[in-house]
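Everything below concerns the one structure shown next.
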Amino acid sequence: MAKVATLITDMFEDVEFTGPRDALVEAGHEVVTIEKKSGNTVEGKQGESKVTIDKAIDDVSPEDFDALLLPGGFSPDLLREDDRFVQFAKAFMDAKKPVFAICHGPQLLITAKTLEGRDATGYKSIKVDMEYAGAKYADKEVVVCQEQLVTSRQPDDIPAFNREMLNLLK
């Protein structure tokens with residue numbers, strides 16, 4: 001089973017973390033939350049979820065994980081201010097490890113400059129940003145690119161996102 005890194009901080013979109021996390025755990029995968037400091041508690045923007053962080057970004061390496069989950073909300077925008085998180089995400093893309101990004105999650109991939117020539121989707125407000133980053137944007141509930149990158153637009157797309165995420169980890 002896969003060990004899945006999750007880059008997350010305050011103001012994440014609650015269901016875009018809990019839905020994929022629950023699907024991954026139910027399928028037998030391990031989900032590890034990563035933020036600036038282990039033991040921190042981060043809160044979703046809807047106030048429905050609080051997450052205690054498993055690991056600090058300085059205490060992990062992309063080599064420790066099989067896949068990466070990037071929930072949406074404001075979390076990806078806050079995390080991309082810190083180069084450690086950008087480089088962590090970039091390492092997964094460069095190594096062709098599975099990356100799962102929903103809603104605003106692709107913002108970390110935009111900043112990492114890893115979307116050039118990739119088929120992808122994301123929340124409509126970042127469509128132009130994704131296109132400027134070189135992505136071929138598709139307004140679809142889920143886009144799978146090169147058997148590595150799974151992207152979705154919004155919470156309504158979570159069932160399709162989870163399905164393709166789990167398919168990729170088989």
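Just so we're on the same page: first chain in the structure tokens is A, next is B, and so on; residues restart at 1 for each chain, and ligands are numbered from 1 in the order they show up.
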_For Gln107 in chain A: contacts at 9 Å, only C-alpha atoms, fewer than 6 positions along chain excluded, given as a ChimeraX atom specification_ = /A:72,76-77,80,101,122,126,129-130
*helix (DSSP H, G or I) residues, from DSSP on the backbone, in range 34-74 of chain A, as a list in words*: Ile57, Asp58, Asp59, Pro62, Glu63 and Asp64 of chain A
*Tell me which protein, DNA and RNA residues are within 12 Å of range 87-89 of chain A, counting only C-alpha atoms, leaving out same-chain ones fewer than 6 positions away, and put them as JSON, numbers by chain.*
{"A": [5, 6, 7, 8, 34, 35, 57, 58, 59, 60, 61, 62, 63, 64, 65, 67, 68, 69, 70, 76, 79, 80, 81, 95, 96, 97, 98, 99, 100, 101, 105, 106, 107, 108, 109, 110, 111, 112, 113, 114, 115, 149]}
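Here CA of Ala135 in chain A and CA of Thr151 in chain A stand 11.6 Å from one another.
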*Pick out the closest residue to Ser75 in chain A from this set: A:Val42, A:Ala133, A:Ala23, A:Leu169. Count only C-alpha atoms.*
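Answer, going by the shortest atom-to-atom distance: A:Val42.
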*asked:* Would you compute the distance between CA of Cys145 in chain A and CA of Leu168 in chain A? Give it in Å to one decimal.
replied: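 So the two atoms, CA of Cys145 in chain A and CA of Leu168 in chain A, lie 10.7 Å apart.
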*asked:* Residues within 12 Å of Gly28 in chain A, please, as a ChimeraX atom specification. Count only C-alpha atoms; anything in the same chain fewer than 2 positions from it doesn't count.
replied: /A:1-4,21-26,30-31,166,169-170
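Distance annotation: of A:Phe74, A:Asn40, A:Thr121, A:Asp66, the residue with the minimal separation from Ile102 in chain A is A:Thr121; atom set is only C-alpha atoms.
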